[in-house]
>>> print(open('structure_24.txt').read())   # compact mmCIF, C-alpha atoms
# COMPACT_ATOMS: atom_id res chain seq x y z
CA MET V 1 114.68 -75.92 6.72
CA SER V 2 116.72 -74.72 9.69
CA LYS V 3 115.95 -72.21 12.42
CA THR V 4 117.16 -68.72 11.73
CA VAL V 5 117.75 -65.42 13.48
CA SER V 6 114.99 -64.19 15.79
CA TRP V 7 113.25 -61.74 13.45
CA LEU V 8 112.88 -64.37 10.68
CA PRO V 9 110.78 -67.57 10.82
CA THR V 10 113.10 -69.93 8.93
CA LEU V 11 116.06 -70.03 6.57
CA PRO V 12 116.09 -72.16 3.40
CA SER V 13 117.95 -75.46 3.47
CA GLY V 14 121.68 -74.92 3.00
CA TRP V 15 121.64 -71.42 4.52
CA ARG V 16 123.26 -70.68 7.87
CA GLU V 17 123.36 -67.86 10.39
CA ILE V 18 126.75 -66.35 11.21
CA SER V 19 127.89 -63.13 12.88
CA LEU V 20 129.48 -60.50 10.67
CA GLN V 21 132.73 -60.53 12.70
CA TYR V 22 133.48 -64.03 11.32
CA LEU V 23 132.98 -62.90 7.72
CA ALA V 24 135.06 -59.72 7.52
CA VAL V 25 137.41 -57.29 9.22
CA ILE V 26 135.58 -54.33 10.80
CA GLU V 27 137.43 -51.10 11.55
CA THR V 28 137.11 -47.34 11.19
CA GLY V 29 138.93 -44.96 8.89
CA SER V 30 141.53 -42.50 10.11
CA ARG V 31 141.02 -39.27 8.19
CA ASP V 32 139.03 -36.09 8.81
CA THR V 33 137.07 -33.97 6.36
CA VAL V 34 139.72 -31.23 6.54
CA ASP V 35 142.01 -33.64 4.67
CA ALA V 36 139.78 -33.59 1.57
CA LYS V 37 141.07 -32.15 -1.71
CA ASP V 38 138.67 -30.99 -4.41
CA ASP V 39 140.89 -32.39 -7.15
CA GLY V 40 142.09 -35.42 -5.19
CA GLU V 41 142.85 -38.63 -7.05
CA PHE V 42 141.01 -41.04 -4.74
CA PRO V 43 137.50 -41.35 -3.29
CA PHE V 44 137.17 -40.18 0.32
CA ILE V 45 134.20 -41.85 2.00
CA ILE V 46 132.67 -39.64 4.69
CA ARG V 47 129.41 -39.74 6.72
CA SER V 48 127.41 -38.72 3.68
CA ALA V 49 125.89 -40.28 0.60
CA HIS V 50 128.31 -38.23 -1.49
CA PRO V 51 132.04 -39.05 -1.20
CA LEU V 52 134.70 -36.36 -1.32
CA ARG V 53 138.15 -36.61 -2.97
CA ILE V 54 141.60 -36.90 -1.39
CA ASP V 55 145.24 -37.26 -2.44
CA THR V 56 146.07 -40.31 -0.32
CA TYR V 57 144.65 -43.78 0.24
CA SER V 58 144.79 -46.22 3.14
CA TYR V 59 142.79 -49.00 1.49
CA ASP V 60 143.17 -50.86 -1.78
CA THR V 61 140.47 -53.48 -1.51
CA GLU V 62 136.79 -54.28 -1.81
CA ALA V 63 134.81 -52.90 1.12
CA ILE V 64 131.41 -51.92 2.50
CA LEU V 65 131.33 -48.62 4.39
CA THR V 66 128.73 -47.02 6.63
CA ALA V 67 128.50 -43.96 8.85
CA GLY V 68 129.32 -44.34 12.55
CA ASP V 69 127.15 -41.41 13.55
CA GLY V 70 124.75 -39.00 11.92
CA ALA V 71 122.76 -40.97 9.33
CA VAL V 72 123.38 -44.33 11.02
CA GLY V 73 121.85 -47.20 9.09
CA GLU V 74 120.86 -44.99 6.17
CA ILE V 75 124.04 -44.64 4.11
CA PHE V 76 126.06 -47.58 2.78
CA HIS V 77 128.79 -47.66 0.14
CA HIS V 78 130.21 -50.63 -1.76
CA ILE V 79 133.59 -49.82 -3.25
CA SER V 80 136.51 -51.66 -4.78
CA GLY V 81 139.97 -50.17 -5.30
CA LYS V 82 141.96 -47.42 -3.63
CA PHE V 83 140.10 -45.14 -1.23
CA GLU V 84 140.24 -43.29 2.08
CA ALA V 85 137.71 -43.30 4.93
CA HIS V 86 136.64 -40.81 7.58
CA GLN V 87 137.49 -41.63 11.20
CA ARG V 88 133.78 -42.09 12.00
CA VAL V 89 133.09 -44.33 9.03
CA TYR V 90 133.17 -48.10 9.49
CA VAL V 91 135.08 -50.05 6.87
CA ILE V 92 134.06 -53.70 6.43
CA HIS V 93 136.61 -55.54 4.27
CA SER V 94 138.73 -58.69 3.78
CA PHE V 95 135.67 -60.87 3.22
CA ARG V 96 135.85 -64.55 4.13
CA GLY V 97 133.37 -67.00 2.64
CA VAL V 98 131.00 -64.26 1.55
CA TYR V 99 130.50 -62.48 -1.76
CA GLY V 100 130.98 -58.74 -1.19
CA ARG V 101 128.05 -57.59 -3.28
CA PHE V 102 125.67 -60.00 -1.50
CA LEU V 103 126.92 -58.78 1.88
CA TYR V 104 126.34 -55.18 0.79
CA TRP V 105 122.73 -55.92 -0.14
CA TYR V 106 122.21 -57.81 3.12
CA ILE V 107 123.71 -55.25 5.48
CA SER V 108 122.21 -52.21 3.77
CA SER V 109 118.72 -53.73 3.88
CA GLN V 110 118.76 -55.53 7.25
CA PHE V 111 120.94 -53.44 9.57
CA ARG V 112 118.23 -51.08 10.80
CA GLN V 113 115.79 -53.94 11.35
CA VAL V 114 118.34 -55.81 13.44
CA VAL V 115 119.13 -52.75 15.55
CA SER V 116 115.46 -52.00 16.25
CA TYR V 117 114.41 -55.61 16.85
CA GLY V 118 112.93 -56.22 20.29
CA GLY V 119 112.43 -52.58 21.20
CA ALA V 120 110.85 -49.30 20.18
CA GLN V 121 114.11 -47.73 19.04
CA THR V 122 114.20 -47.28 15.25
CA THR V 123 117.15 -44.92 14.99
CA VAL V 124 120.65 -45.04 16.44
CA ALA V 125 122.61 -41.88 17.22
CA SER V 126 126.00 -43.57 17.25
CA LEU V 127 127.08 -46.91 15.83
CA ARG V 128 129.38 -49.05 17.96
CA ARG V 129 131.66 -51.69 16.49
CA SER V 130 130.01 -54.39 18.57
CA MET V 131 126.69 -53.69 16.86
CA LEU V 132 128.25 -54.52 13.52
CA ALA V 133 130.41 -57.37 14.81
CA THR V 134 127.45 -59.27 16.25
CA LEU V 135 125.14 -58.55 13.31
CA PRO V 136 123.62 -61.94 12.34
CA VAL V 137 124.01 -62.64 8.62
CA ALA V 138 121.73 -65.12 6.85
CA LEU V 139 124.27 -66.78 4.56
CA PRO V 140 123.46 -69.01 1.56
CA PRO V 141 126.11 -70.99 -0.38
CA LEU V 142 128.60 -68.81 -2.24
CA GLU V 143 127.16 -69.52 -5.69
CA SER V 144 123.70 -68.57 -4.44
CA GLN V 145 125.15 -65.34 -3.04
CA ARG V 146 126.46 -64.40 -6.49
CA ARG V 147 123.15 -65.24 -8.12
CA ILE V 148 121.25 -63.18 -5.52
CA ALA V 149 123.59 -60.21 -5.93
CA ASP V 150 123.29 -60.30 -9.73
CA TYR V 151 119.50 -60.54 -9.47
CA LEU V 152 119.26 -57.57 -7.09
CA ASP V 153 121.64 -55.48 -9.19
CA ARG V 154 119.40 -56.07 -12.20
CA GLU V 155 116.00 -55.73 -10.53
CA THR V 156 116.83 -52.71 -8.36
CA GLY V 157 118.46 -51.07 -11.37
CA GLU V 158 115.16 -51.29 -13.22
CA ILE V 159 113.21 -49.98 -10.22
CA ASP V 160 115.69 -47.14 -9.71
CA ALA V 161 115.35 -46.20 -13.38
CA MET V 162 111.57 -45.97 -12.95
CA ILE V 163 111.96 -43.91 -9.77
CA ASN V 164 114.36 -41.56 -11.60
CA LYS V 165 111.87 -41.17 -14.46
CA LEU V 166 109.16 -40.30 -11.95
CA GLY V 167 111.55 -37.80 -10.38
CA ASP V 168 112.09 -36.22 -13.79
CA LEU V 169 108.32 -36.09 -14.30
CA ASP V 170 107.90 -34.53 -10.87
CA GLU V 171 110.40 -31.79 -11.76
CA THR V 172 108.75 -31.24 -15.16
CA LEU V 173 105.34 -30.83 -13.54
CA LYS V 174 106.74 -28.33 -11.04
CA GLN V 175 108.34 -26.35 -13.85
CA LEU V 176 105.05 -26.45 -15.73
CA GLY V 177 103.34 -25.10 -12.63
CA ALA V 178 105.87 -22.27 -12.42
CA GLN V 179 105.39 -21.46 -16.11
CA THR V 180 101.63 -21.61 -15.74
CA THR V 181 101.71 -18.92 -13.08
CA ALA V 182 103.46 -16.66 -15.60
CA VAL V 183 100.14 -16.39 -17.41
CA PHE V 184 98.86 -13.22 -15.77
CA GLY V 185 98.17 -11.11 -18.87
CA LEU V 186 95.03 -10.99 -20.98
CA ASP V 187 95.14 -10.38 -24.71
CA ASN V 188 92.56 -8.34 -26.64
CA ARG V 189 90.25 -11.34 -26.97
CA GLY V 190 90.22 -11.86 -23.23
CA GLU V 191 92.29 -15.03 -23.43
CA PHE V 192 95.22 -15.85 -21.22
CA GLN V 193 98.70 -15.40 -22.63
CA GLU V 194 102.20 -15.78 -21.29
CA ALA V 195 103.65 -12.37 -20.51
CA ASP V 196 106.99 -10.99 -21.63
CA VAL V 197 109.52 -11.72 -18.88
CA ASN V 198 111.83 -8.76 -19.54
CA SER V 199 109.91 -6.26 -17.39
CA PRO V 200 107.12 -6.57 -14.82
CA LEU V 201 104.89 -4.20 -16.79
CA ALA V 202 105.88 -5.06 -20.36
CA GLY V 203 102.97 -6.01 -22.58
CA ILE V 204 100.14 -5.62 -20.05
CA PRO V 205 96.81 -4.32 -21.42
CA ASP V 206 96.50 -0.53 -21.65
CA HIS V 207 93.38 -0.40 -19.48
CA TRP V 208 95.20 -1.97 -16.49
CA ASP V 209 96.45 0.39 -13.78
CA ARG V 210 100.15 0.64 -13.00
CA SER V 211 101.20 0.90 -9.38
CA LYS V 212 104.13 0.20 -7.06
CA PHE V 213 104.53 -2.31 -4.27
CA GLY V 214 104.87 0.38 -1.61
CA TYR V 215 101.46 1.86 -2.52
CA GLU V 216 99.59 -1.43 -2.30
CA PHE V 217 101.30 -3.34 0.55
CA THR V 218 101.78 -2.40 4.21
CA GLU V 219 104.26 -4.28 6.37
CA SER V 220 102.74 -5.99 9.40
CA THR V 221 104.67 -5.49 12.64
CA GLU V 222 102.67 -7.97 14.73
CA LEU V 223 105.03 -10.09 16.82
CA ASN V 224 104.36 -13.53 18.18
CA GLY V 225 104.76 -12.71 21.88
CA ASP V 226 104.16 -15.48 24.40
CA ASN V 227 100.99 -16.95 22.87
CA PRO V 228 101.58 -18.32 19.36
CA PRO V 229 98.44 -17.88 17.23
CA GLY V 230 99.25 -21.03 15.26
CA PRO V 231 102.07 -23.29 14.06
CA LEU V 232 105.47 -22.35 12.69
CA LEU V 233 105.25 -21.67 8.95
CA SER V 234 107.77 -21.68 6.12
CA ILE V 235 107.75 -20.79 2.43
CA SER V 236 108.42 -23.51 -0.13
CA GLU V 237 109.64 -22.74 -3.63
CA TYR V 238 106.76 -24.65 -5.15
CA ARG V 239 103.73 -24.23 -2.87
CA GLY V 240 104.34 -20.96 -1.04
CA VAL V 241 103.38 -20.59 2.63
CA GLU V 242 102.97 -23.96 4.38
CA LEU V 243 103.46 -25.73 7.70
CA ASN V 244 107.10 -26.05 8.69
CA THR V 245 107.09 -29.80 9.31
CA ARG V 246 110.89 -30.06 9.42
CA VAL V 247 111.19 -28.58 12.91
CA ASP V 248 107.86 -29.47 14.51
CA GLY V 249 109.54 -31.55 17.17
CA GLN V 250 111.81 -28.66 18.17
CA GLN V 251 109.22 -25.90 18.45
CA ALA V 252 108.93 -26.18 22.23
CA SER V 253 112.60 -25.22 22.60
CA LEU V 254 112.45 -22.17 20.29
CA ASP V 255 112.23 -18.64 21.65
CA VAL V 256 109.51 -17.49 19.28
CA SER V 257 108.53 -14.26 21.04
CA LYS V 258 110.24 -12.16 18.33
CA TYR V 259 108.88 -14.19 15.44
CA ARG V 260 106.42 -12.47 13.12
CA VAL V 261 102.75 -13.39 12.98
CA VAL V 262 101.17 -14.23 9.62
CA ARG V 263 97.42 -13.99 9.08
CA PRO V 264 95.34 -15.50 6.25
CA GLY V 265 95.38 -13.20 3.23
CA GLN V 266 98.75 -11.66 4.08
CA LEU V 267 101.77 -11.83 1.78
CA ALA V 268 104.73 -13.52 3.48
CA ALA V 269 108.20 -13.04 1.99
CA ASN V 270 111.66 -14.43 2.64
CA MET V 271 113.68 -11.40 1.55
CA MET V 272 116.78 -13.55 0.89
CA TRP V 273 114.94 -16.04 -1.31
CA LEU V 274 112.57 -13.99 -3.44
CA ASN V 275 114.39 -14.84 -6.65
CA HIS V 276 113.81 -18.53 -5.87
CA GLY V 277 110.08 -18.25 -5.18
CA GLY V 278 110.38 -17.49 -1.47
CA LEU V 279 107.07 -15.69 -1.05
CA GLY V 280 103.35 -16.31 -1.19
CA VAL V 281 99.95 -15.33 0.17
CA SER V 282 99.10 -17.35 3.26
CA ASP V 283 95.94 -19.36 3.85
CA LEU V 284 97.13 -20.12 7.39
CA THR V 285 97.51 -18.36 10.72
CA GLY V 286 100.91 -18.92 12.29
CA TYR V 287 104.32 -17.39 12.82
CA ILE V 288 107.43 -17.05 10.69
CA SER V 289 111.13 -16.45 11.18
CA PRO V 290 112.18 -12.90 12.11
CA ASP V 291 114.10 -12.91 8.80
CA TYR V 292 110.78 -12.98 6.93
CA LYS V 293 108.33 -10.12 6.41
CA ALA V 294 104.54 -10.11 6.31
CA PHE V 295 102.43 -7.56 4.41
CA TRP V 296 98.79 -6.54 4.38
CA ILE V 297 97.39 -6.31 0.86
CA SER V 298 95.34 -3.32 -0.29
CA ASP V 299 91.65 -3.67 -1.18
CA ARG V 300 92.52 -3.01 -4.82
CA LEU V 301 94.16 -6.43 -5.10
CA GLU V 302 92.75 -9.96 -5.01
CA PRO V 303 95.10 -12.00 -2.73
CA ARG V 304 95.08 -15.02 -5.04
CA TYR V 305 96.08 -12.82 -7.97
CA VAL V 306 98.92 -11.39 -5.86
CA HIS V 307 100.09 -14.92 -5.03
CA TYR V 308 100.26 -15.98 -8.67
CA LEU V 309 101.66 -12.63 -9.85
CA PHE V 310 104.70 -12.58 -7.57
CA ARG V 311 105.40 -16.29 -8.03
CA SER V 312 105.31 -15.96 -11.81
CA ARG V 313 108.46 -16.44 -13.87
CA ARG V 314 108.40 -12.74 -14.75
CA TYR V 315 108.64 -11.62 -11.13
CA ILE V 316 111.03 -14.37 -10.03
CA GLN V 317 113.43 -13.09 -12.70
CA TYR V 318 112.80 -9.49 -11.72
CA PHE V 319 113.61 -10.21 -8.07
CA GLY V 320 116.95 -11.52 -9.30
CA THR V 321 117.72 -8.17 -10.94
CA ILE V 322 117.07 -6.15 -7.75
CA ALA V 323 118.60 -8.59 -5.23
CA THR V 324 122.04 -7.76 -3.83
CA GLY V 325 124.65 -9.91 -2.15
CA VAL V 326 127.94 -11.70 -2.74
CA ARG V 327 126.71 -15.30 -2.56
CA PRO V 328 124.29 -16.50 -5.27
CA ASN V 329 122.04 -18.28 -2.76
CA ALA V 330 121.97 -15.43 -0.24
CA GLN V 331 120.99 -12.35 -2.19
CA ARG V 332 118.64 -10.04 -0.34
CA VAL V 333 115.97 -7.76 -1.76
CA THR V 334 115.80 -4.63 0.36
CA LYS V 335 112.52 -3.13 1.53
CA THR V 336 113.33 0.04 -0.44
CA SER V 337 113.78 -1.91 -3.68
CA LEU V 338 110.62 -3.85 -3.01
CA ASN V 339 108.59 -0.68 -2.39
CA LEU V 340 109.69 0.73 -5.76
CA MET V 341 108.81 -2.44 -7.66
CA PRO V 342 106.18 -1.79 -10.36
CA ILE V 343 103.09 -3.99 -10.39
CA PRO V 344 100.11 -4.30 -12.76
CA VAL V 345 96.67 -3.71 -11.21
CA PRO V 346 93.88 -4.91 -13.51
CA PRO V 347 90.22 -4.49 -12.52
CA LEU V 348 89.25 -6.69 -9.58
CA GLU V 349 86.94 -8.80 -11.74
CA THR V 350 89.83 -9.49 -14.11
CA GLN V 351 92.08 -10.41 -11.19
CA ARG V 352 89.48 -12.91 -10.00
CA ARG V 353 89.14 -14.42 -13.47
CA ILE V 354 92.91 -14.84 -13.69
CA ALA V 355 93.05 -16.41 -10.23
CA ASP V 356 90.14 -18.76 -11.01
CA HIS V 357 91.85 -19.90 -14.21
CA LEU V 358 95.15 -20.55 -12.45
CA ASP V 359 93.44 -22.29 -9.53
CA THR V 360 91.95 -24.74 -12.03
CA VAL V 361 95.18 -25.36 -13.94
CA THR V 362 97.47 -25.64 -10.91
CA SER V 363 95.03 -27.94 -9.07
CA LYS V 364 95.32 -30.38 -11.99
CA ILE V 365 99.11 -30.18 -11.83
CA ASP V 366 99.02 -30.70 -8.05
CA ALA V 367 96.83 -33.79 -8.52
CA MET V 368 99.34 -35.22 -11.00
CA LEU V 369 102.21 -34.44 -8.63
CA SER V 370 100.39 -36.28 -5.85
CA LYS V 371 99.99 -39.35 -8.07
CA VAL V 372 103.68 -39.22 -9.03
CA GLY V 373 104.63 -39.02 -5.35
CA GLN V 374 102.44 -42.02 -4.52
CA LEU V 375 104.00 -44.06 -7.32
CA LYS V 376 107.52 -43.17 -6.14
CA ASP V 377 106.61 -44.25 -2.60
CA LEU V 378 105.16 -47.55 -3.84
CA LEU V 379 108.25 -48.30 -5.93
CA THR V 380 110.55 -47.44 -3.02
CA GLU V 381 108.58 -49.76 -0.72
CA ARG V 382 108.62 -52.48 -3.38
CA ARG V 383 112.38 -52.13 -3.77
CA ALA V 384 112.99 -52.49 -0.01
CA ALA V 385 110.65 -55.47 0.29
CA LEU V 386 112.26 -57.20 -2.70
CA ILE V 387 115.77 -56.88 -1.26
CA THR V 388 114.67 -58.19 2.14
CA ASP V 389 112.81 -61.15 0.65
CA VAL V 390 115.77 -62.16 -1.51
CA VAL V 391 118.64 -61.75 0.99
CA THR V 392 116.73 -63.65 3.70
CA GLY V 393 115.70 -66.52 1.45
CA ARG V 394 111.98 -65.77 1.38
CA LYS V 395 112.16 -65.40 -2.39
CA ASP V 396 114.09 -67.91 -4.46
CA VAL V 397 115.89 -66.41 -7.46
CA ALA V 398 117.29 -69.70 -8.81
>>> encode(input="structure_24.txt", output="structure tokens")
Amino acid sequence: MSKTVSWLPTLPSGWREISLQYLAVIETGSRDTVDAKDDGEFPFIIRSAHPLRIDTYSYDTEAILTAGDGAVGEIFHHISGKFEAHQRVYVIHSFRGVYGRFLYWYISSQFRQVVSYGGAQTTVASLRRSMLATLPVALPPLESQRRIADYLDRETGEIDAMINKLGDLDETLKQLGAQTTAVFGLDNRGEFQEADVNSPLAGIPDHWDRSKFGYEFTESTELNGDNPPGPLLSISEYRGVELNTRVDGQQASLDVSKYRVVRPGQLAANMMWLNHGGLGVSDLTGYISPDYKAFWISDRLEPRYVHYLFRSRRYIQYFGTIATGVRPNAQRVTKTSLNLMPIPVPPLETQRRIADHLDTVTSKIDAMLSKVGQLKDLLTERRAALITDVVTGRKDVA
């Protein structure tokens, strides 16, 4: 056993440590994203996980590519053939004494660990060539490299297939949750049934009242001011109103004085995303974007019933019929259209029964989603650990 690079205890016998600059040519591409062509013949590797297309090529070789800024250490491509590269993408090619697929597995799994070793920094804003050139590579004999690469291709393929199946199950459960919330009608036996989606009021029981949004909801004009009553909130397509965790670190720099306050029991709505589930009754106190609206709900309506009603498939489709706008993902429902929207108002006791039923069903779906998420995380961690163990010699795949 021989001594190895500083973040590893030992390397197996026959392995050696060598800097990347002695194993390959390292350079950057020369093109910009404006050069891309939708119907281009060749792959155009940019600072993204998804390549574009282009009409020209500067490389006809096997190469490993990674972003020079943006998602540094997160995106790696292994390609062979004719391609083009962005001017801030590093192209590692012309391999010497190293099997390209092994080097791909090594760099993609070890680069971030090498960069962060010896300090608290775990992310890099901009990748310099010297960081790649001096990257220590734990290098086994060439035949072992091929065996390791083949093993990782096979094993990670199986893990990725399982992760994809869990992703499909996750999506199926979310769709089931959306369909479940369409069950807001009661048939003559008092059982829940899925309502007709053609009209908001089609097929509802005769003894239910009919009303309009403008009669039952009052817009709240409370602004945030200088003393936020709570955290920044957002509206997810699946869960409704929730903490906006994506921008927590930036909240101190936001001018939130004109943001709208949301109180528990109020309906919050993203008027440009209603036909994608962009609304819900809040359980939280906080503030929302000025583009959103908040509404007080009349005493004739149970807030949980309102939440399920407007997030049902029937109403999501209806919002699509009254939304206006040129772009499919930016169609706004006006306040006038919303006020005229018909809504069913069953007796309060019936509303509570409906909400209780859906609370029970959706809580079971949420529990299953949580388990699926945990399994995906475990498989992802297992995948990363497996790659590291194999490319550093901790696990023998002979």
>>> atom_distance(input="structure_24.txt", atom1="CA of Trp208 (chain V)", atom2="CA of Trp273 (chain V)")
28.6 Å
>>> residues_around(input="structure_24.txt", residues="Ser130 (chain V)", least_positions_apart="3", cutoff="12 Å", atoms="all atoms listed in the file", output="JSON, numbers by chain")
{"V": [19, 20, 21, 26, 27, 68, 90, 115, 126, 127, 133, 134, 135, 136]}
>>> atom_distance(input="structure_24.txt", atom1="CA of Leu23 (chain V)", atom2="CA of Trp105 (chain V)")
14.7 Å
>>> atom_distance(input="structure_24.txt", atom1="CA of Arg146 (chain V)", atom2="CA of Leu378 (chain V)")
27.3 Å
>>> closest_residue(input="structure_24.txt", among="V:Glu349, V:Asp39, V:Asp55, V:Asp255", to="Ser289 (chain V)", atoms="only C-alpha atoms")
V:Asp255
>>> closest_residue(input="structure_24.txt", among="V:Tyr315, V:Tyr57, V:Phe217, V:Tyr308", to="Trp296 (chain V)", atoms="all atoms listed in the file")
V:Phe217
>>> residues_around(input="structure_24.txt", residues="Asp283 (chain V)", least_positions_apart="6", cutoff="8 Å", atoms="all atoms listed in the file", output="list in words")
Val241, Arg263, Pro264 and Gly265 of chain V
>>> closest_residue(input="structure_24.txt", among="V:Arg147, V:His307, V:Lys335, V:Arg31", to="Thr218 (chain V)", atoms="all atoms listed in the file")
V:Lys335
>>> closest_residue(input="structure_24.txt", among="V:Ala385, V:Met131, V:Leu223, V:Val98", to="Phe111 (chain V)", atoms="only C-alpha atoms")
V:Met131
>>> residues_near_point(input="structure_24.txt", point="(121.7, -73.9, 1.8)", cutoff="9 Å", atoms="all atoms listed in the file", output="list in words")
Met1, Leu11, Pro12, Ser13, Gly14, Trp15, Arg16, Leu139, Pro140, Pro141 and Ser144 of chain V
>>> residues_around(input="structure_24.txt", residues="Arg53 (chain V)", least_positions_apart="5", cutoff="7 Å", atoms="all atoms listed in the file", output="list in words")
Ala36, Lys37, Asp38, Asp39, Gly40, Glu41, Phe42, Pro43 and Phe44 of chain V
>>> closest_residue(input="structure_24.txt", among="V:Ala294, V:Gln266, V:Ala63, V:Ser337", to="Val281 (chain V)", atoms="all atoms listed in the file")
V:Gln266
>>> closest_residue(input="structure_24.txt", among="V:Asp291, V:Glu62, V:Glu84, V:Asp150", to="Arg96 (chain V)", atoms="all atoms listed in the file")
V:Glu62
